[in-house]
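Dumped entry.txt below, it's compact mmCIF, C-alpha atoms and all ligand atoms:
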```txt
# COMPACT_ATOMS: atom_id res chain seq x y z
CA MET M 1 99.84 81.45 86.57
CA SER M 2 102.47 81.78 83.93
CA ARG M 3 103.26 85.38 84.63
CA PHE M 4 104.94 84.34 87.84
CA ASN M 5 108.55 83.22 87.81
CA THR M 6 108.99 84.26 84.17
CA ARG M 7 111.14 87.13 85.33
CA ASN M 8 113.89 84.76 86.26
CA ALA M 9 114.12 83.48 82.69
CA SER M 10 116.95 85.92 82.03
CA MET M 11 119.98 84.30 80.46
CA THR M 12 122.23 87.31 80.84
CA LYS M 13 124.84 87.31 83.52
CA THR M 14 125.22 91.06 83.72
CA ARG M 15 122.80 92.78 86.02
CA SER M 16 121.70 95.41 83.53
CA LYS M 17 118.00 95.22 82.71
CA PRO M 18 115.95 92.16 83.55
CA TYR M 19 114.89 90.19 80.47
CA ARG M 20 111.19 90.45 79.83
CA PRO M 21 109.12 88.86 77.09
CA ALA M 22 106.94 91.39 75.24
CA GLU M 23 103.78 90.52 77.17
CA LEU M 24 105.53 91.22 80.45
CA LYS M 25 106.70 94.66 79.32
CA PRO M 26 104.86 97.32 81.28
CA ILE M 27 102.80 100.03 79.61
CA ILE M 28 103.70 103.20 81.44
CA ARG M 29 102.93 106.47 79.73
CA TRP M 30 103.89 108.95 82.41
CA ARG M 31 107.15 109.76 84.13
CA SER M 32 105.75 109.72 87.65
CA ARG M 33 102.68 108.77 89.64
CA THR M 34 101.96 112.47 90.12
CA GLU M 35 101.92 113.09 86.36
CA ALA M 36 99.80 110.01 85.77
CA LEU M 37 97.34 111.12 88.43
CA LYS M 38 97.02 114.55 86.82
CA ALA M 39 96.37 112.91 83.47
CA LEU M 40 93.76 110.62 85.00
CA HIS M 41 91.91 113.41 86.77
CA GLY M 42 92.01 115.46 83.56
CA LEU M 43 89.86 112.84 81.84
CA PHE M 44 86.91 113.31 84.22
CA ASN M 45 84.57 116.14 85.09
CA TYR M 46 82.22 116.83 87.99
CA LYS M 47 79.11 115.72 86.06
CA ASP M 48 80.43 112.24 85.29
CA ARG M 49 78.85 109.14 86.72
CA ALA M 50 81.83 106.77 86.74
CA LEU M 51 81.71 102.99 86.80
CA ILE M 52 84.66 100.81 87.79
CA THR M 53 84.19 97.30 86.40
CA ILE M 54 85.87 94.33 88.05
CA ASP M 55 86.04 90.56 87.96
CA PRO M 56 85.76 90.35 91.73
CA ASP M 57 88.67 89.04 93.79
CA PRO M 58 90.40 90.68 96.78
CA ASP M 59 92.94 92.57 94.65
CA SER M 60 90.38 93.92 92.18
CA ILE M 61 87.87 94.87 94.89
CA ALA M 62 90.51 96.72 96.93
CA SER M 63 91.92 98.44 93.83
CA ALA M 64 88.45 99.58 92.79
CA MET M 65 87.87 101.03 96.27
CA ALA M 66 91.15 102.94 96.03
CA LEU M 67 90.26 104.22 92.57
CA LYS M 68 86.85 105.34 93.81
CA ARG M 69 88.64 107.29 96.55
CA LEU M 70 91.00 108.85 93.98
CA LEU M 71 88.04 110.01 91.88
CA TRP M 72 86.21 111.51 94.86
CA ARG M 73 85.41 115.17 94.20
CA HIS M 74 86.49 114.76 90.58
CA VAL M 75 83.24 113.12 89.44
CA GLN M 76 79.59 113.22 90.46
CA SER M 77 79.56 109.58 91.58
CA THR M 78 81.57 106.38 91.32
CA ALA M 79 80.07 102.88 91.44
CA ILE M 80 81.92 99.57 91.54
CA GLY M 81 80.36 96.90 89.32
CA ILE M 82 81.13 93.19 89.47
CA ILE M 83 80.73 90.98 86.41
CA ARG M 84 79.97 87.81 88.37
CA PRO M 85 78.63 87.05 91.82
CA ILE M 86 81.17 86.55 94.59
CA LYS M 87 81.28 82.93 95.74
CA ARG M 88 84.47 82.53 97.79
CA LEU M 89 83.58 82.77 101.45
CA ASN M 90 86.67 84.82 102.37
CA ASN M 91 85.69 87.39 99.76
CA LEU M 92 82.07 87.47 100.91
CA THR M 93 83.37 88.10 104.43
CA MET M 94 85.57 90.90 103.11
CA VAL M 95 82.62 92.60 101.42
CA ARG M 96 80.37 92.15 104.46
CA LEU M 97 82.82 93.25 107.18
CA LEU M 98 84.17 96.20 105.23
CA LYS M 99 80.63 97.09 104.05
CA LEU M 100 81.77 97.47 100.46
CA PRO M 101 79.13 98.75 98.08
CA LEU M 102 79.23 96.55 94.98
CA ILE M 103 76.64 96.27 92.25
CA GLN M 104 76.07 93.25 90.03
CA LEU M 105 76.45 94.31 86.40
CA ASN M 106 74.25 93.18 83.54
CA GLU M 107 73.83 94.16 79.90
CA LYS M 108 71.29 96.82 80.91
CA ASN M 109 72.54 98.61 84.03
CA ILE M 110 76.05 98.87 82.63
CA LYS M 111 74.70 101.58 80.27
CA ASP M 112 73.70 103.90 83.14
CA PHE M 113 77.14 105.53 83.33
CA ASP M 114 79.18 108.16 81.48
CA LYS M 115 82.75 106.98 82.08
CA TYR M 116 84.21 103.53 82.62
CA LEU M 117 87.33 102.27 84.32
CA LEU M 118 88.86 98.80 84.57
CA VAL M 119 91.21 97.63 87.34
CA ASP M 120 93.04 94.32 87.76
CA GLY M 121 92.02 93.16 84.30
CA GLN M 122 92.12 94.04 80.61
CA PRO M 123 89.31 94.40 78.08
CA SER M 124 90.42 91.15 76.40
CA HIS M 125 89.83 89.19 79.63
CA HIS M 126 86.03 89.11 79.49
CA GLU M 127 83.22 89.40 76.96
CA LEU M 128 81.50 92.12 78.95
CA PHE M 129 84.73 94.15 79.27
CA GLN M 130 85.20 94.00 75.49
CA LYS M 131 82.00 95.96 74.88
CA VAL M 132 82.90 98.81 77.24
CA PRO M 133 84.50 102.07 76.02
CA TYR M 134 87.06 102.46 78.81
CA THR M 135 88.56 105.76 79.85
CA ALA M 136 91.16 104.05 82.04
CA VAL M 137 92.71 100.60 82.41
CA ILE M 138 95.00 99.86 85.38
CA ASP M 139 96.34 96.32 85.64
CA HIS M 140 99.22 93.95 86.38
CA HIS M 141 98.45 90.99 84.10
CA PRO M 142 100.60 90.27 81.04
CA VAL M 143 99.66 92.51 78.10
CA LYS M 144 97.86 90.60 75.34
CA SER M 145 97.14 93.63 73.21
CA GLU M 146 97.47 97.23 74.23
CA PRO M 147 94.06 98.41 75.46
CA ASP M 148 92.48 101.20 73.47
CA ALA M 149 91.90 103.74 76.26
CA PRO M 150 93.15 107.29 76.95
CA PHE M 151 94.65 106.18 80.27
CA VAL M 152 96.56 102.89 80.47
CA ASP M 153 98.92 101.80 83.24
CA ILE M 154 99.88 98.11 83.15
CA ARG M 155 102.77 96.74 85.19
CA PRO M 156 103.00 92.95 84.86
CA HIS M 157 105.98 92.82 87.23
CA TYR M 158 103.87 94.06 90.17
CA GLY M 159 102.54 91.41 92.54
CA ALA M 160 99.21 93.22 92.98
CA VAL M 161 97.28 96.14 91.53
CA SER M 162 96.62 97.05 95.17
CA THR M 163 100.32 98.00 95.31
CA MET M 164 99.94 100.29 92.29
CA MET M 165 96.85 101.86 93.86
CA THR M 166 98.65 102.41 97.18
CA GLU M 167 101.32 104.30 95.22
CA TYR M 168 98.62 106.41 93.56
CA LEU M 169 97.05 107.23 96.93
CA ARG M 170 100.42 108.28 98.28
CA ALA M 171 101.07 110.43 95.20
CA ALA M 172 97.70 112.09 95.80
CA ALA M 173 98.60 112.63 99.48
CA ILE M 174 95.51 110.67 100.51
CA LYS M 175 95.78 108.74 103.76
CA PRO M 176 93.70 105.61 103.25
CA SER M 177 90.89 104.98 105.73
CA GLN M 178 91.12 101.89 107.91
CA THR M 179 88.63 100.12 105.63
CA LEU M 180 90.57 100.94 102.49
CA ALA M 181 93.94 100.03 104.07
CA THR M 182 92.54 96.68 105.23
CA ALA M 183 91.15 95.91 101.78
CA LEU M 184 94.43 96.85 100.04
CA ILE M 185 96.60 94.84 102.40
CA TYR M 186 94.36 91.81 101.85
CA GLY M 187 94.60 92.39 98.08
CA ILE M 188 98.41 92.37 98.28
CA LYS M 189 98.53 89.34 100.59
CA THR M 190 96.19 87.34 98.36
CA ASP M 191 97.82 88.11 95.00
CA THR M 192 101.36 87.52 96.28
CA ARG M 193 100.13 84.56 98.40
CA ASN M 194 101.68 86.19 101.45
CA PHE M 195 104.78 87.10 99.43
CA GLU M 196 105.46 83.51 98.38
CA ARG M 197 104.78 84.31 94.73
CA GLN M 198 106.29 87.04 92.62
CA THR M 199 106.75 90.03 94.83
CA LEU M 200 108.46 93.33 94.12
CA GLU M 201 110.09 95.55 96.66
CA GLU M 202 107.19 97.89 95.83
CA ASP M 203 104.68 95.30 97.09
CA VAL M 204 106.55 95.01 100.39
CA LYS M 205 106.78 98.81 100.68
CA ALA M 206 103.04 99.20 100.11
CA PHE M 207 102.38 96.46 102.63
CA LEU M 208 104.49 98.21 105.27
CA TYR M 209 102.81 101.53 104.56
CA LEU M 210 99.34 100.00 104.93
CA PHE M 211 100.21 97.82 107.92
CA SER M 212 99.76 100.42 110.65
CA ARG M 213 96.55 101.70 109.04
CA ALA M 214 94.74 98.37 108.63
CA ASN M 215 92.36 96.68 111.06
CA HIS M 216 94.15 93.41 111.79
CA ASN M 217 91.23 91.81 113.59
CA ILE M 218 89.03 92.23 110.54
CA LEU M 219 91.89 91.14 108.28
CA ARG M 220 92.33 87.93 110.28
CA LYS M 221 88.61 87.17 110.24
CA ILE M 222 88.56 87.63 106.45
CA GLU M 223 91.59 85.37 106.01
CA ILE M 224 90.24 82.52 108.11
CA SER M 225 86.63 82.64 106.86
CA ASP M 226 86.63 79.73 104.45
CA LEU M 227 83.91 77.57 105.99
CA SER M 228 80.14 77.63 105.76
CA LEU M 229 77.83 76.24 108.44
CA ARG M 230 77.08 73.32 106.14
CA ASP M 231 80.82 72.53 106.04
CA LEU M 232 80.81 72.02 109.80
CA ALA M 233 78.53 69.01 109.32
CA LEU M 234 81.15 67.58 106.94
CA PHE M 235 83.86 68.17 109.55
CA LYS M 236 81.75 66.18 112.01
CA GLU M 237 81.34 63.38 109.47
CA ALA M 238 85.07 63.40 108.68
CA ILE M 239 86.07 63.21 112.33
CA GLU M 240 83.57 60.44 113.07
CA ASN M 241 84.69 58.42 110.03
CA LYS M 242 88.42 58.79 110.51
CA THR M 243 90.71 55.82 110.87
CA VAL M 244 94.32 56.06 111.94
CA SER M 245 97.04 53.66 110.99
CA ARG M 246 100.51 54.49 112.25
CA ASP M 247 101.26 58.08 111.19
CA ARG M 248 98.36 58.25 108.71
CA ILE M 249 94.88 59.50 109.12
CA TYR M 250 92.18 58.53 106.62
CA SER M 251 88.66 59.78 106.26
CA HIS M 252 85.95 59.42 103.65
CA LEU M 253 82.92 61.63 103.05
CA GLU M 254 79.83 60.21 101.40
CA LYS M 255 79.05 63.28 99.28
CA VAL M 256 80.53 66.78 98.92
CA ASN M 257 79.39 69.78 96.89
CA SER M 258 82.94 70.93 96.22
CA PRO M 259 86.33 69.21 96.49
CA ASP M 260 87.57 72.37 98.28
CA ILE M 261 86.15 71.12 101.57
CA LEU M 262 88.19 67.91 101.22
CA VAL M 263 91.32 70.05 100.93
CA ILE M 264 90.38 72.07 104.01
CA ILE M 265 89.66 68.91 106.04
CA ALA M 266 92.85 67.18 104.82
CA GLU M 267 94.90 70.19 105.92
CA PHE M 268 93.05 70.30 109.21
CA MET M 269 93.76 66.61 109.95
CA LEU M 270 97.47 67.20 109.33
CA LYS M 271 97.48 69.51 112.37
CA VAL M 272 97.27 66.43 114.58
CA HIS M 273 100.53 65.83 116.38
CA ASP M 274 102.26 62.60 115.23
CA ILE M 275 100.23 62.45 112.03
CA SER M 276 102.46 62.71 108.95
CA TRP M 277 99.92 61.83 106.26
CA SER M 278 96.34 62.91 105.83
CA ILE M 279 94.24 61.19 103.16
CA VAL M 280 90.72 62.55 102.77
CA SER M 281 88.37 61.29 100.08
CA GLY M 282 84.81 62.05 99.07
CA VAL M 283 82.33 61.64 96.26
CA HIS M 284 81.81 64.77 94.20
CA GLY M 285 79.27 64.34 91.39
CA ASP M 286 80.23 61.15 89.57
CA GLN M 287 83.83 61.23 90.79
CA LEU M 288 85.75 59.95 93.74
CA VAL M 289 88.20 62.67 94.80
CA VAL M 290 91.16 61.82 97.02
CA ILE M 291 93.18 64.62 98.63
CA VAL M 292 96.55 63.83 100.17
CA ARG M 293 98.67 66.03 102.42
CA ASN M 294 101.86 65.20 104.31
CA ASP M 295 104.46 66.97 106.41
CA GLY M 296 106.87 67.15 103.46
CA TYR M 297 109.73 65.41 105.21
CA ARG M 298 111.23 62.76 102.87
CA LYS M 299 107.83 62.00 101.40
CA ASP M 300 106.23 62.31 98.00
CA ALA M 301 102.46 62.66 97.95
CA GLY M 302 102.42 63.03 94.16
CA LYS M 303 104.21 59.71 93.63
CA ALA M 304 102.07 58.02 96.27
CA VAL M 305 98.75 58.94 94.60
CA THR M 306 100.12 58.14 91.16
CA ARG M 307 101.12 54.65 92.32
CA ALA M 308 97.81 54.16 94.10
CA PHE M 309 95.33 55.47 91.57
CA SER M 310 96.83 56.08 88.12
CA GLY M 311 95.12 53.91 85.57
CA LEU M 312 91.79 54.64 87.24
CA GLY M 313 91.70 58.39 86.69
CA ASN M 314 93.79 61.54 87.08
CA ALA M 315 96.35 61.36 89.83
CA GLY M 316 99.34 63.54 90.66
CA GLY M 317 100.78 66.35 92.69
CA HIS M 318 103.81 67.60 94.55
CA LYS M 319 105.88 66.26 97.45
CA ALA M 320 103.56 67.52 100.17
CA MET M 321 100.22 67.76 98.35
CA ALA M 322 98.43 65.62 95.80
CA ARG M 323 95.02 64.71 94.47
CA ALA M 324 93.34 61.95 92.51
CA GLU M 325 90.08 62.19 90.59
CA ILE M 326 88.55 58.85 89.69
CA PRO M 327 85.28 58.38 87.79
CA LEU M 328 82.98 56.22 89.94
CA ALA M 329 82.39 54.07 86.86
CA ALA M 330 86.06 53.06 86.96
CA LEU M 331 85.37 51.37 90.31
CA ASP M 332 82.73 49.03 88.82
CA PRO M 333 85.14 46.16 88.15
CA LEU M 334 86.79 46.63 91.56
CA LEU M 335 83.90 47.06 93.98
CA GLN M 336 80.76 44.98 94.21
CA ARG M 337 78.81 47.70 95.94
CA LYS M 338 79.84 51.30 96.07
CA THR M 339 78.79 52.05 99.63
CA PRO M 340 80.69 54.74 101.55
CA THR M 341 82.31 52.05 103.71
CA ALA M 342 83.42 50.05 100.68
CA ILE M 343 84.85 53.15 99.00
CA ALA M 344 86.64 54.20 102.19
CA ARG M 345 88.21 50.74 102.48
CA PHE M 346 89.16 50.81 98.79
CA VAL M 347 91.02 54.14 99.18
CA LYS M 348 92.86 52.89 102.23
CA ARG M 349 93.82 49.60 100.56
CA ARG M 350 95.02 51.25 97.34
CA PHE M 351 96.97 53.84 99.21
CA ALA M 352 98.68 51.19 101.34
CA VAL M 353 99.56 49.21 98.20
CA GLY M 354 100.77 52.33 96.44
CA HIS M 355 102.93 53.08 99.42
CA PRO M 356 104.48 49.85 100.67
CA ALA M 357 106.18 51.49 103.65
CA SER M 358 102.84 51.44 105.43
CA LYS M 359 102.63 47.66 105.62
MN MN P 401 95.48 91.10 90.81
```
Now, as a test, write the supplied structure out as structure tokens.
Amino acid sequence: MSRFNTRNASMTKTRSKPYRPAELKPIIRWRSRTEALKALHGLFNYKDRALITIDPDPDSIASAMALKRLLWRHVQSTAIGIIRPIKRLNNLTMVRLLKLPLIQLNEKNIKDFDKYLLVDGQPSHHELFQKVPYTAVIDHHPVKSEPDAPFVDIRPHYGAVSTMMTEYLRAAAIKPSQTLATALIYGIKTDTRNFERQTLEEDVKAFLYLFSRANHNILRKIEISDLSLRDLALFKEAIENKTVSRDRIYSHLEKVNSPDILVIIAEFMLKVHDISWSIVSGVHGDQLVVIVRNDGYRKDAGKAVTRAFSGLGNAGGHKAMARAEIPLAALDPLLQRKTPTAIARFVKRRFAVGHPASK
């Protein structure tokens, strides 16, 4: 996303204040977390039924859990409402293992509450959010327009809202439960992509604080849970269909429901010792998708797929990862019959041509 890396756009040589475009300016209305917390609590009373709305991902789910904890004893009840069903398997595992109570929002049940809060998002991000009279908005995305709410805390320079929420918990002298700490640490790890993307010292501090409180077995299970049982059948097919030529492994799948599984299998095949290239293709809808991974040593996957497949469809990528998406119709002049074997051979042939070193 564009909000990452923009911080380094500074042209100034002096180390005064970092340059920030307007949308990356934070909205901070209080001098400290303690003051902000007081202000937030002041907006609620014990009769309120509060609803925290989220577009569910690990950071927003964890932040909502933390906010629910912060509101405990300040309101009658707090529910966490999601605006779309969770599909990612890692996130489903998170919700199941941590037993997180989430409700699916619709036009009707969203009216059953007195006060509304939004975390890890802004009203302008979703149609449903736009209709809600928010009491509080806490976020780290760039500011499009200042949300109209009594409590707003937006810090686009933070890697995760989970970091902001960890700071709030600490200001409130609340020790997070193991469940909450595990959720928050996963929120930080996901949004900073294990600290490979924009990360502040604050994100690292929050991570360290949560580390000893989290359940690392559950965390690991959540992080590795990206396969369904149905995917295992595709693994079997991919392993049975594989062909190896020199340091390359090729495999083709007859039909996949999502190109994501091709990525997972391509990365899996690259684990094989002595294999430097993994080329996994499959038919998704009316497209042939080719996923390429390599070990990144003096290789260029992006150039290789462009040479092999450009002119037939979209092809491109980086040095170590690339993808091509080719409409099956574009294969009509090239293949007499589009059987899985013929397509597999076609991919292999094109890739070898596009990458003469393999001859
Ligand atoms: Mn986030």
*Counting all atoms listed in the file, which of M:Thr93, M:Gln104, M:Thr166, M:Thr190 gets nearest to ligand MN 401 (chain P)?*
M:Thr190
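Of note, CA of Lys87 in chain M and CA of Gly313 in chain M are spaced 28.2 Å apart.
Note that the spacing between CA of Thr341 in chain M and CA of Thr243 in chain M amounts to 11.7 Å.
Near ligand MN 401 (chain P), at a distance of at most 8 Å and with only C-alpha atoms and all ligand atoms counted, sit the residues Asp57, Pro58, Asp59, Ser60, Asp120, Gly121, Asp139, His140, His141, Gly159, Ala160, Val161, Ser162, Gly187 and Asp191 of chain M.
Nearest-residue note for Glu202 in chain M: choosing from M:Lys255, M:His157, M:Lys68, M:Arg307, the minimum distance belongs to M:His157, counting only C-alpha atoms.
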_Top pick for closest residue to His125 in chain M, considering M:Ser145, M:Gln76, M:Ser276, M:Asn109 and counting all atoms listed in the file_ = M:Ser145
*asked:* Residues within 7 Å of (103.2, 89.2, 79.7), file coordinates, counting all atoms listed in the file: what are they? Give the list as an MDAnalysis selection string.
replied: chainID M and resid 3 21:25 141:143 156
_Best match for closeness to Phe129 in chain M among M:Ala324, M:Leu51, M:Ile61, M:Val204, counting all atoms listed in the file_ = M:Leu51
